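Student: One structure, as structure tokens, below. Some questions next.
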Amino acid sequence: MTRRPPIVWSIAGLDTAGGAGLSADQRAADALGVHLCPVVAAMTAQHSKGVQAVQPVAAAWLEAQLRALMQDLAPAVIKTGLLGSAELVHTVARWVDRLRTEHPDHPVALVVDPVLGASAGGSAFANEAVLDAYQRHLLPRATLITPNRAEARRLLGIPPSHEGPRDEVPDLAAALRLLGPDNVAITGGDAAGGDTLHCLDWIDTEQAQGWLSAPRVDTLHNHGTGCTFATGAAAALALGHTPADAMVLAKMLTHHALTNSHAAGQGPGPVIAVAGFARGPAAGGAPLPWLGLGRELPWRLLHGAAADQAPLFQPFAPPPDGLYGIVDTGERIAQALDAGLHCLQLRHKPREGLTHHLATALQAHARAGGALFVNDHWRELLAALSTTHDKAQAPSTQPTGVLGVHLGQEDLLALSTTDRRALLEARHQLMLGLSSHSLWELARAAGCGASLIACGPVLPTTTKDMPWRPQGEDNLRWWVAHSPVPVVAIGGLLTPDELQRFAACGPTALCVVRALNGDAHAMRSTVPVLRWAVQAGRARALAASAELGNPANVTPPHPVL
């Protein structure tokens with residue numbers, strides 16, 4: 001039986017040039033696989049060089065369209081574009097209230113793209129009455145609003161402009177949230193001056209805040225980018241994604257649509273959203289955007305690593321056997337190295353005994369080599385390395401492998417400005433591993449220039465409490481296709497069969513925790529079995545790739561919250 005796609009109502013304007021409005025909304029919805037119901041709120045007379053006239057429909061006609069749809073095609077999300085009159089704004093607000101009252105268990109989401117004027121020039125779209133209606137009736141009901149900077153300023157009663165200091169944008173978003181919307185994205189494609197190489201959007205959501213960055217596409221043909229972004233976010237919300245994840249997907253969709261734009265007249269041509277945006281960069285899809293930490297730009301932009309895909313920290317050399325062992329004591333590190341593992345993490349949470357376990361782990365690593373990560377305790381690792389350097393130990397006792405730290409993103413966000421500076425100063429001597437459980441965390445890890453990114457939990461796990469649903473095989477494949485650095489799979493991997501299944505998804509390595517339980521003898525017996533399972537999974541993937549012509553996973557990832 002064919003899956004029934006979720007329904008999105010787009011209440012917007014009809015663009016006679018076919019670039020923006022309902023035309024762009026339809027392409028964006030098709031690209032994400034949702035069913036769009038195009039509801040005409042305004043007629044326009046326009047071409048590629050500007051809008052010559054706007055005629056809002058009568059409120060009764062909008063009511064008739066929505067009543068008809070309600071009988072058969074109730075929405076998961078309503079997205080608004082050009083409305084054109086205060087009466088139409090009031091009508092939309094009443095319908096949102098009605099739908100939320102009738103379906104309290106699945107309240108309809110509202111995405112507001114406040115189209116207040118045409119980027120190409122021409123007729124104005126909103127007078128003071130329309131602005132007042134937005135402020136009083138739509139913004140307090142909105143799940144997400146997606147203005148550009150000039151629109152954000154106008155909604156706040158400030159003279160519209162795309163110019164100004166970058167720090168103004170987060171303040172505008174915070175002020176808009178005080179008017180009622182749950183989430184805000186202020187898009188930056190229209191920004192005057194500034195960074196000519198990157199397009200920066202500011203997102204302020206329930207899950208994450210920060211600058212969302214993607215390479216700027218060098219094209220004159222950008223008609224419909226705002227509509228594409230807003231409808232892409234609405235479609236992702238309809239599919240079950242969180243607002244922050246929806247904006248990552250919308251950013252990718254819009255970037256890819258710009259690369260597919262074309263001329264259609266004498267002015268800017270339309271952007272063309274297609275499903276291929278989600279294939280991954282190697283297969284012609286959009287690059288993963290980078291997300292910064294708070295008001296900081298992504299570290300990759302701040303520290304000169306934006307021109308290529310190399311990590312900002314020291315690169316991670318994948319273990320040849322594809323195993324990444326995680327143990328809790330220095331003695332277990334030594335046992336795992338003795339059992340033949342080449343990539344390990346010391347995860348010793350309590351501070352009690354940390355000095356001993358870290359010293360034991362470093363001594364074992366110095367003898368055996370390979371890659372050693374220390375979970376969380378990066379300051380202690382740097383202090384231990386400094387002490388070792390100060391003692392000027394003989395070369396035979398110096399570490400022969402590569403050292404790194406691994407952080408969860410809550411720990412990353414908790415770093416003070418001083419801590420961040422110290423960690424960045426150590427990037428020439430350390431690898432950085434970062435956990436990720438969602439698209440926005442993947443984007444943030446990439447923006448930080450991590451050496452490797454952990455995707456998890458891939459299966460249910462009991463080693464820690466998780467608010468995330470398991471990623472599964474499809475999401476792991478998506479991580480591998482989109483991450484700019486190696487991906488390791490983590491969470492719930494216990495048996496050889498599970499390792500074989502997830503090795504076939506293409507990660508650089510698979511993390512084993514409870515699978516390494518037991519004494520040193522048991523570990524020496526277990527590791528060869530786990531190694532065989534990983535190699536068998538990789539061989540299965542190669543065989544399938546050869547048989548099917550190396551197909552790419554083209555669907556957006558499944559929601560994981």
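By order in the structure tokens, chains are A, B, ...; within a chain, residues start at 1; ligands start at 1, following the order shown.
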Within 12 Å of stretch 176-192 of chain A, which residues of stretch 93-162 of chain A show up? Give each one with its shortest atom-to-atom distance in Å (one decimal) and the two atoms involved, counting only C-alpha atoms, rows by chain then rising residue number, as JSON lines.

Tutor:
```
{"residue": "A:Ala109", "atom": "CA", "partner": "A:Asp182", "partner_atom": "CA", "distance": 10.3}
{"residue": "A:Leu110", "atom": "CA", "partner": "A:Pro181", "partner_atom": "CA", "distance": 9.4}
{"residue": "A:Val111", "atom": "CA", "partner": "A:Pro181", "partner_atom": "CA", "distance": 9.4}
{"residue": "A:Val112", "atom": "CA", "partner": "A:Pro181", "partner_atom": "CA", "distance": 9.3}
{"residue": "A:Asp113", "atom": "CA", "partner": "A:Ala185", "partner_atom": "CA", "distance": 9.9}
{"residue": "A:Pro114", "atom": "CA", "partner": "A:Ile186", "partner_atom": "CA", "distance": 11.0}
{"residue": "A:Ala118", "atom": "CA", "partner": "A:Asp190", "partner_atom": "CA", "distance": 11.8}
{"residue": "A:Ser119", "atom": "CA", "partner": "A:Asp190", "partner_atom": "CA", "distance": 8.5}
{"residue": "A:Ala120", "atom": "CA", "partner": "A:Asp190", "partner_atom": "CA", "distance": 11.2}
{"residue": "A:Asp132", "atom": "CA", "partner": "A:Leu179", "partner_atom": "CA", "distance": 11.7}
{"residue": "A:Tyr134", "atom": "CA", "partner": "A:Leu179", "partner_atom": "CA", "distance": 10.0}
{"residue": "A:Gln135", "atom": "CA", "partner": "A:Leu179", "partner_atom": "CA", "distance": 6.9}
{"residue": "A:Arg136", "atom": "CA", "partner": "A:Leu179", "partner_atom": "CA", "distance": 8.2}
{"residue": "A:His137", "atom": "CA", "partner": "A:Gly180", "partner_atom": "CA", "distance": 9.6}
{"residue": "A:Leu138", "atom": "CA", "partner": "A:Pro181", "partner_atom": "CA", "distance": 8.4}
{"residue": "A:Leu139", "atom": "CA", "partner": "A:Pro181", "partner_atom": "CA", "distance": 5.2}
{"residue": "A:Pro140", "atom": "CA", "partner": "A:Gly180", "partner_atom": "CA", "distance": 3.8}
{"residue": "A:Arg141", "atom": "CA", "partner": "A:Pro181", "partner_atom": "CA", "distance": 6.4}
{"residue": "A:Ala142", "atom": "CA", "partner": "A:Pro181", "partner_atom": "CA", "distance": 4.7}
{"residue": "A:Thr143", "atom": "CA", "partner": "A:Asp182", "partner_atom": "CA", "distance": 5.0}
{"residue": "A:Leu144", "atom": "CA", "partner": "A:Asn183", "partner_atom": "CA", "distance": 4.6}
{"residue": "A:Ile145", "atom": "CA", "partner": "A:Val184", "partner_atom": "CA", "distance": 5.1}
{"residue": "A:Thr146", "atom": "CA", "partner": "A:Ala185", "partner_atom": "CA", "distance": 4.8}
{"residue": "A:Pro147", "atom": "CA", "partner": "A:Ile186", "partner_atom": "CA", "distance": 5.2}
{"residue": "A:Asn148", "atom": "CA", "partner": "A:Thr187", "partner_atom": "CA", "distance": 4.6}
{"residue": "A:Arg149", "atom": "CA", "partner": "A:Ile186", "partner_atom": "CA", "distance": 6.1}
{"residue": "A:Ala150", "atom": "CA", "partner": "A:Asp190", "partner_atom": "CA", "distance": 8.8}
{"residue": "A:Glu151", "atom": "CA", "partner": "A:Ile186", "partner_atom": "CA", "distance": 8.8}
{"residue": "A:Ala152", "atom": "CA", "partner": "A:Ile186", "partner_atom": "CA", "distance": 7.2}
{"residue": "A:Arg153", "atom": "CA", "partner": "A:Leu176", "partner_atom": "CA", "distance": 9.2}
{"residue": "A:Arg154", "atom": "CA", "partner": "A:Leu176", "partner_atom": "CA", "distance": 10.7}
{"residue": "A:Leu155", "atom": "CA", "partner": "A:Leu176", "partner_atom": "CA", "distance": 7.9}
{"residue": "A:Leu156", "atom": "CA", "partner": "A:Leu176", "partner_atom": "CA", "distance": 7.1}
{"residue": "A:Gly157", "atom": "CA", "partner": "A:Leu176", "partner_atom": "CA", "distance": 10.9}
{"residue": "A:Ile158", "atom": "CA", "partner": "A:Leu176", "partner_atom": "CA", "distance": 12.0}
{"residue": "A:Ser161", "atom": "CA", "partner": "A:Ala192", "partner_atom": "CA", "distance": 9.0}
{"residue": "A:His162", "atom": "CA", "partner": "A:Ala191", "partner_atom": "CA", "distance": 5.2}
```

Student: Show which residues sit within 10 Å of A:Leu83, as a ChimeraX atom specification. Count only C-alpha atoms, and ignore same-chain residues fewer than 4 positions away.

Tutor: /A:11-13,40-43,55-57,87-89,92,113-116,125-126,130

Student: Which residues, written as a PyMOL selection string, have at least one atom at most 8 Å from A:Arg538, with only C-alpha atoms counted and residues fewer than 5 positions away on the same chain left out?

Tutor: chain A and resi 500+503-504+506

Student: Create the file for the chosen residues now, containing all heavy atoms and written as a PDB file, in the first residue's frame.

Tutor:
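And here's again.pdb as it stands now:
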```pdb
ATOM      1  N   GLN A 500      27.287  -6.281  11.922  1.00  0.00           N
ATOM      2  CA  GLN A 500      27.298  -6.549  10.481  1.00  0.00           C
ATOM      3  C   GLN A 500      26.278  -5.668   9.760  1.00  0.00           C
ATOM      4  O   GLN A 500      26.567  -5.083   8.715  1.00  0.00           O
ATOM      5  CB  GLN A 500      27.004  -8.029  10.223  1.00  0.00           C
ATOM      6  CG  GLN A 500      27.141  -8.432   8.783  1.00  0.00           C
ATOM      7  CD  GLN A 500      27.000  -9.925   8.575  1.00  0.00           C
ATOM      8  OE1 GLN A 500      26.695 -10.379   7.470  1.00  0.00           O
ATOM      9  NE2 GLN A 500      27.219 -10.705   9.616  1.00  0.00           N
ATOM     10  N   ALA A 503      27.522  -1.970   9.903  1.00  0.00           N
ATOM     11  CA  ALA A 503      28.744  -1.777   9.110  1.00  0.00           C
ATOM     12  C   ALA A 503      28.404  -1.614   7.637  1.00  0.00           C
ATOM     13  O   ALA A 503      29.091  -0.895   6.902  1.00  0.00           O
ATOM     14  CB  ALA A 503      29.697  -2.952   9.306  1.00  0.00           C
ATOM     15  N   ALA A 504      27.325  -2.272   7.192  1.00  0.00           N
ATOM     16  CA  ALA A 504      26.900  -2.168   5.795  1.00  0.00           C
ATOM     17  C   ALA A 504      26.394  -0.782   5.431  1.00  0.00           C
ATOM     18  O   ALA A 504      26.227  -0.470   4.256  1.00  0.00           O
ATOM     19  CB  ALA A 504      25.822  -3.214   5.501  1.00  0.00           C
ATOM     20  N   GLY A 506      28.054   1.982   6.014  1.00  0.00           N
ATOM     21  CA  GLY A 506      29.182   2.796   5.598  1.00  0.00           C
ATOM     22  C   GLY A 506      29.895   3.637   6.626  1.00  0.00           C
ATOM     23  O   GLY A 506      30.712   4.485   6.249  1.00  0.00           O
TER      24      GLY A 506
END
```

Student: Which residue out of A:Val8, A:Ala361, A:Ala68, A:Val327 has the minimum interatomic distance to A:Ala515 when only C-alpha atoms are used?

Tutor: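 Looking only at the distances to A:Ala515, the closest residue turns out to be A:Val327.
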
Student: For atom CA of A:Ala364 and atom CA of A:Val402, quote the distance in Å rounded to one decimal.

Tutor: 12.7 Å

Student: If you run DSSP on the backbone here, which positions in stretch 447-502 of chain A get strand (DSSP E or B)? Please write them as a list in words.

Tutor: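 Those in stretch 447-502 of chain A that DSSP calls strand (DSSP E or B) are Leu452, Ile453, Ala454, Cys455, Val487, Val488 and Ala489 of chain A.
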
Student: Those same residues, written as an mmCIF file, in the first residue's frame with C-alpha atoms?

Tutor:
```cif
data_model
loop_
_atom_site.group_PDB
_atom_site.id
_atom_site.type_symbol
_atom_site.label_atom_id
_atom_site.label_comp_id
_atom_site.auth_asym_id
_atom_site.auth_seq_id
_atom_site.Cartn_x
_atom_site.Cartn_y
_atom_site.Cartn_z
ATOM 1 C CA LEU A 452 34.911 12.671 13.617
ATOM 2 C CA ILE A 453 31.197 12.741 14.332
ATOM 3 C CA ALA A 454 29.340 10.061 16.260
ATOM 4 C CA CYS A 455 25.821 9.211 15.069
ATOM 5 C CA VAL A 487 31.204 9.055 11.044
ATOM 6 C CA VAL A 488 31.186 6.432 13.777
ATOM 7 C CA ALA A 489 28.008 4.603 14.808
#
```
